[in-house]
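What follows is a single structure, written as structure tokens, with notes after it.
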Amino acid sequence: MKEIIALSDKTITISRNAFLKVKGSIDTNVYYVESGSLRIFILHDYEEQIIRFGYQGNIIVAMDSFLTGKPSNFYIQALKKTTVRVIPKQRLDEFLATASNRKWWIQVLENLVLQQMEREIDLLTLSPRERYERVLQRSPQLFQEIPGKYIANYLRMSAETLSRLKKS
Amino acid sequence: MQSEQLIQSLIEQTRQIINRVEALKSYDLETLTWRAQEDAWSILECIEHLNRYGDDYLPSIERAIKASNTQAEQTFKSGFLGGYFAKSMLPKEKLNKMKTFNDKNPLHASLDRSVIDTFMHQQTQLLDLLNQSRTVSLNKVKIPTTFSSLIKMKLGDLFQFLVNHMLRHLAQIDRVKAMGLSSVG
């Protein structure tokens, strides 16, 4: 991770609720979250659906744009005042020209595939309680970093249901 | 100019506009409705003025894109009038006042913070339309202006006009805010 952060060529600070990225932009940057927290979401008929969160120490990226260089429908918004280091894709590509770095990168991507599979199972799990427990077990820190109403949206349940599940 | 380059630049400018207006939400109503003099707009009135433009143009842009069977084109070339209108909107170093049309003048309209939410909603629509415009010609799709149905603007020029018009009034908002904050104390 340290090597990746060293590739960063600038730091951006955005205020609470400000957007790092909006729908339709091409954003191939990788962002390392130094402080604060963000959410990635899409809008469906003006309904928000949260895809992922990022907080201190995480990497956040519009993965579709990053991989394809094409426009992405994702919004990335700060949930509080947030500072990110910006790592341009080109710098990363140069870094990955070395075989040992590439090996590390494949591990990162494999890990991501596993995470996506867990998320897919989350989404296919019918019971709200089970969805909640899966995520709680996997990422307990999420519940420290992110306000409940956003986690509820991520878990596809109402804020009331989530707070009831947390109590029981 | 490359069409895709124009669309990306407009999307990026829209993102910055959204962030600037989002930041206004933290101010109290006294600041948001403060005016320098009887006939000067408050911050909310500036936003309402922009909303009225959005109310007029966003639906006609949507209709024009839906109805169009043009293809996307590599390059966009500004029209003579459209390019002029768009540029004339940009805020200048020296204050250049403009007259507004009566129906676009919100002076002393009864307004509350919800005008900011309406503005944000319109920006979501604008982003959607910018995305949709990737599949049509920014040159051939033309939209009648609200001041004369005889004068039409190329879609690419109209988008730039709307964005520049927002930048113009955001510069005004910055001035009103600075004056208001020092006088409200």
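Residues in the structure tokens are numbered from 1 in each chain, the chains being A, B, ... in the order shown, and ligands are numbered from 1 in the order shown.
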request  = Please provide the set of residues having any atom within 9 Å of Glu12 (chain B), restricted to only C-alpha atoms, with same-chain residues fewer than 3 positions apart removed, written as an NGL selection string.
outcome  = (:A and (21-22 or 25)) or (:B and (7-9 or 15-17))
I need the chosen residues saved as a PDB file, in the first residue's frame, with N, CA and C atoms.
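Okay, part31.pdb is ready:
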```
ATOM      1  N   LYS A  21     -16.849  12.815  -7.662  1.00  0.00           N
ATOM      2  CA  LYS A  21     -17.162  12.379  -9.020  1.00  0.00           C
ATOM      3  C   LYS A  21     -18.666  12.386  -9.199  1.00  0.00           C
ATOM      4  N   VAL A  22     -19.126  12.763 -10.398  1.00  0.00           N
ATOM      5  CA  VAL A  22     -20.560  12.690 -10.681  1.00  0.00           C
ATOM      6  C   VAL A  22     -20.806  11.769 -11.868  1.00  0.00           C
ATOM      7  N   SER A  25     -18.950  11.181 -15.798  1.00  0.00           N
ATOM      8  CA  SER A  25     -17.549  11.585 -15.978  1.00  0.00           C
ATOM      9  C   SER A  25     -16.679  10.349 -16.188  1.00  0.00           C
TER      10      SER A  25
ATOM     11  N   ILE B   7     -18.349  17.495 -23.678  1.00  0.00           N
ATOM     12  CA  ILE B   7     -19.257  16.887 -22.707  1.00  0.00           C
ATOM     13  C   ILE B   7     -18.543  16.667 -21.370  1.00  0.00           C
ATOM     14  N   GLN B   8     -17.309  16.164 -21.447  1.00  0.00           N
ATOM     15  CA  GLN B   8     -16.577  15.945 -20.194  1.00  0.00           C
ATOM     16  C   GLN B   8     -16.306  17.232 -19.451  1.00  0.00           C
ATOM     17  N   SER B   9     -15.973  18.286 -20.208  1.00  0.00           N
ATOM     18  CA  SER B   9     -15.720  19.569 -19.555  1.00  0.00           C
ATOM     19  C   SER B   9     -17.009  20.096 -18.911  1.00  0.00           C
ATOM     20  N   ARG B  15     -20.155  19.419 -11.891  1.00  0.00           N
ATOM     21  CA  ARG B  15     -19.755  18.881 -10.581  1.00  0.00           C
ATOM     22  C   ARG B  15     -19.309  20.018  -9.654  1.00  0.00           C
ATOM     23  N   GLN B  16     -18.498  20.923 -10.184  1.00  0.00           N
ATOM     24  CA  GLN B  16     -18.012  22.014  -9.340  1.00  0.00           C
ATOM     25  C   GLN B  16     -19.143  22.947  -8.922  1.00  0.00           C
ATOM     26  N   ILE B  17     -20.100  23.153  -9.838  1.00  0.00           N
ATOM     27  CA  ILE B  17     -21.260  23.993  -9.514  1.00  0.00           C
ATOM     28  C   ILE B  17     -22.070  23.349  -8.384  1.00  0.00           C
TER      29      ILE B  17
END
```
task = May I have all residues of region 5-101 of chain A that DSSP, computed from the backbone, assigns to alpha helix (DSSP H), given as a list in words?
result = Ile5, Ala6, Met63, Asp64, Ser65, Phe66, Leu67, Thr68, Lys89, Gln90, Arg91, Leu92, Asp93, Glu94, Phe95, Ala99, Ser100 and Asn101 of chain A
Please identify every residue of chain A that has at least one atom no farther than 12 Å from an atom of chain B, counting only C-alpha atoms, and for each give the shortest atom pair and the distance in Å to one decimal, arranged by chain then increasing number, as a tab-separated table.
```
residue	atom	partner	partner_atom	distance
A:Ile14	CA	B:Asn19	CA	8.9
A:Ser15	CA	B:Ala23	CA	7.9
A:Arg16	CA	B:Ala23	CA	8.4
A:Asn17	CA	B:Glu22	CA	7.1
A:Ala18	CA	B:Asn19	CA	5.1
A:Phe19	CA	B:Asn19	CA	6.4
A:Leu20	CA	B:Arg15	CA	8.1
A:Lys21	CA	B:Arg15	CA	7.2
A:Val22	CA	B:Arg15	CA	6.2
A:Lys23	CA	B:Leu127	CA	6.5
A:Gly24	CA	B:Asn131	CA	5.7
A:Ser25	CA	B:Gln8	CA	6.1
A:Ile26	CA	B:Gln8	CA	7.5
A:Asp27	CA	B:Gln8	CA	10.2
A:Ile42	CA	B:Thr124	CA	11.4
A:Leu43	CA	B:Thr124	CA	9.1
A:His44	CA	B:Asp128	CA	11.2
A:Asp45	CA	B:Gln125	CA	10.3
A:Tyr46	CA	B:Thr124	CA	8.3
A:Glu47	CA	B:Thr124	CA	11.4
A:Glu48	CA	B:Thr124	CA	11.7
A:Lys70	CA	B:Glu4	CA	10.8
A:Pro71	CA	B:Asn131	CA	8.7
A:Ser72	CA	B:Asn131	CA	9.9
A:Asn73	CA	B:Asn131	CA	9.1
A:Phe74	CA	B:Leu127	CA	11.7
A:Tyr75	CA	B:Arg15	CA	10.1
A:Ile76	CA	B:Arg15	CA	10.8
A:Gln77	CA	B:Asn19	CA	10.0
A:Ala78	CA	B:Asn19	CA	10.7
A:Lys81	CA	B:Ala23	CA	11.7
```
List the neighbours of region 158-167 of chain A out to 12 Å using only C-alpha atoms; skip same-chain residues closer than 2 positions along the sequence, and give me the result as a compact mmCIF listing (two decimals) with C-alpha atoms, in the first residue's frame.
```txt
# COMPACT_ATOMS: atom_id res chain seq x y z
CA SER A 127 -33.35 -12.12 5.34
CA PRO A 128 -32.46 -8.57 6.43
CA ARG A 129 -31.01 -9.98 9.67
CA GLU A 130 -28.69 -12.27 7.77
CA ARG A 131 -27.59 -9.46 5.46
CA TYR A 132 -26.84 -7.31 8.48
CA GLU A 133 -24.92 -10.05 10.29
CA VAL A 135 -21.65 -7.35 6.84
CA LEU A 136 -21.17 -6.82 10.58
CA PHE A 143 -20.39 0.55 11.77
CA PRO A 147 -23.80 6.79 9.78
CA GLY A 148 -26.57 4.19 10.10
CA LYS A 149 -28.85 5.61 7.43
CA TYR A 150 -26.19 5.02 4.77
CA ILE A 151 -25.42 1.49 5.99
CA ALA A 152 -29.16 0.76 5.89
CA ASN A 153 -29.29 1.84 2.25
CA TYR A 154 -26.22 -0.30 1.47
CA LEU A 155 -27.94 -3.26 3.15
CA ARG A 156 -31.16 -2.51 1.30
```
message = Taking only region 53-179 of chain B into account, list the residues labelled strand (DSSP E or B) by DSSP (computed from the backbone), as a PyMOL selection string.
response = chain B and resi 75+142-144+152-154
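Using only C-alpha atoms, the contacts of region 92-96 of chain B at a cut-off of 12 Å, with sequence neighbours closer than 4 positions omitted, comprise Lys87, Ser88, Asn164, His165, Leu167, Arg168, His169, Ala171, Gln172 and Arg175 of chain B.
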Take the selection from the previous step and output its residues with C-alpha atoms, as an mmCIF file, in the first residue's frame.
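File selection-v2.cif, as written:
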```cif
data_model
loop_
_atom_site.group_PDB
_atom_site.id
_atom_site.type_symbol
_atom_site.label_atom_id
_atom_site.label_comp_id
_atom_site.auth_asym_id
_atom_site.auth_seq_id
_atom_site.Cartn_x
_atom_site.Cartn_y
_atom_site.Cartn_z
ATOM 1 C CA LYS B 87 -19.628 33.325 -24.047
ATOM 2 C CA SER B 88 -21.512 36.494 -23.137
ATOM 3 C CA ASN B 164 -21.854 29.634 -18.063
ATOM 4 C CA HIS B 165 -25.091 31.233 -16.890
ATOM 5 C CA LEU B 167 -21.184 30.340 -13.228
ATOM 6 C CA ARG B 168 -22.224 33.948 -13.754
ATOM 7 C CA HIS B 169 -24.773 33.852 -10.951
ATOM 8 C CA ALA B 171 -20.008 34.678 -8.950
ATOM 9 C CA GLN B 172 -22.864 37.020 -8.016
ATOM 10 C CA ARG B 175 -20.329 38.708 -3.856
#
```
task = Find the spatial neighbours of region 54-57 of chain B, counting only C-alpha atoms, within a cut-off of 12 Å - ignore same-chain residues fewer than 2 positions away - and output them as a PyMOL selection string.
result = chain B and resi 47-52+59-64+103-104+118-126+129+142-147+152-153+155+158-159+161-163+165-166
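With only C-alpha atoms as the basis for measurement, B:Ile65 is the residue among B:Pro91, B:Ile65, B:Leu170, B:Ser183 that approaches Lys154 (chain B) most closely.
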message = Quick one: residues within 10 Å of region 96-105 of chain A, only C-alpha atoms, excluding same-chain residues fewer than 6 positions away - as a PyMOL selection string?
response = chain A and resi 1+3+90+111
Written file, previous selection with N, CA and C atoms, as a short mmCIF file (atom, residue, chain, number, x, y, z; two decimals), in the first residue's frame:
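As a result, part-v2.cif now contains:
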```cif
data_model
loop_
_atom_site.label_atom_id
_atom_site.label_comp_id
_atom_site.auth_asym_id
_atom_site.auth_seq_id
_atom_site.Cartn_x
_atom_site.Cartn_y
_atom_site.Cartn_z
N MET A 1 0.82 -1.21 0.00
CA MET A 1 0.00 0.00 0.00
C MET A 1 0.86 1.26 0.00
N GLU A 3 3.72 1.83 -1.25
CA GLU A 3 4.29 2.10 -2.57
C GLU A 3 3.26 2.80 -3.46
N GLN A 90 -2.03 6.36 -14.99
CA GLN A 90 -0.76 6.26 -15.73
C GLN A 90 0.41 5.95 -14.81
N ASN A 111 -8.37 -10.43 -4.58
CA ASN A 111 -9.04 -10.09 -3.33
C ASN A 111 -10.35 -9.34 -3.61
#
```
inquiry  = Would you pick out the contacts of Val136 (chain B) at 10 Å or less, using only C-alpha atoms, so that residues sharing its chain but fewer than 2 positions from it are not included, and give the list as an MDAnalysis selection string?
reply    = chainID B and resid 64:66 68:73 132:134 138:141 155
task = Using only C-alpha atoms, pick whichever of B:Ser42, B:Thr31, B:Ser137, B:Gln2 has the shortest atom-to-atom distance to Thr75 (chain B).
result = B:Gln2
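Pairwise distance (CA of Gln116 (chain A), CA of Ser35 (chain A)) equals 24.2 Å.
Of the residues under consideration (A:Thr13, A:Met63, A:Gln49, A:Ser37), A:Met63 shows the shortest atom-to-atom contact distance to Leu109 (chain A) when counting only C-alpha atoms.
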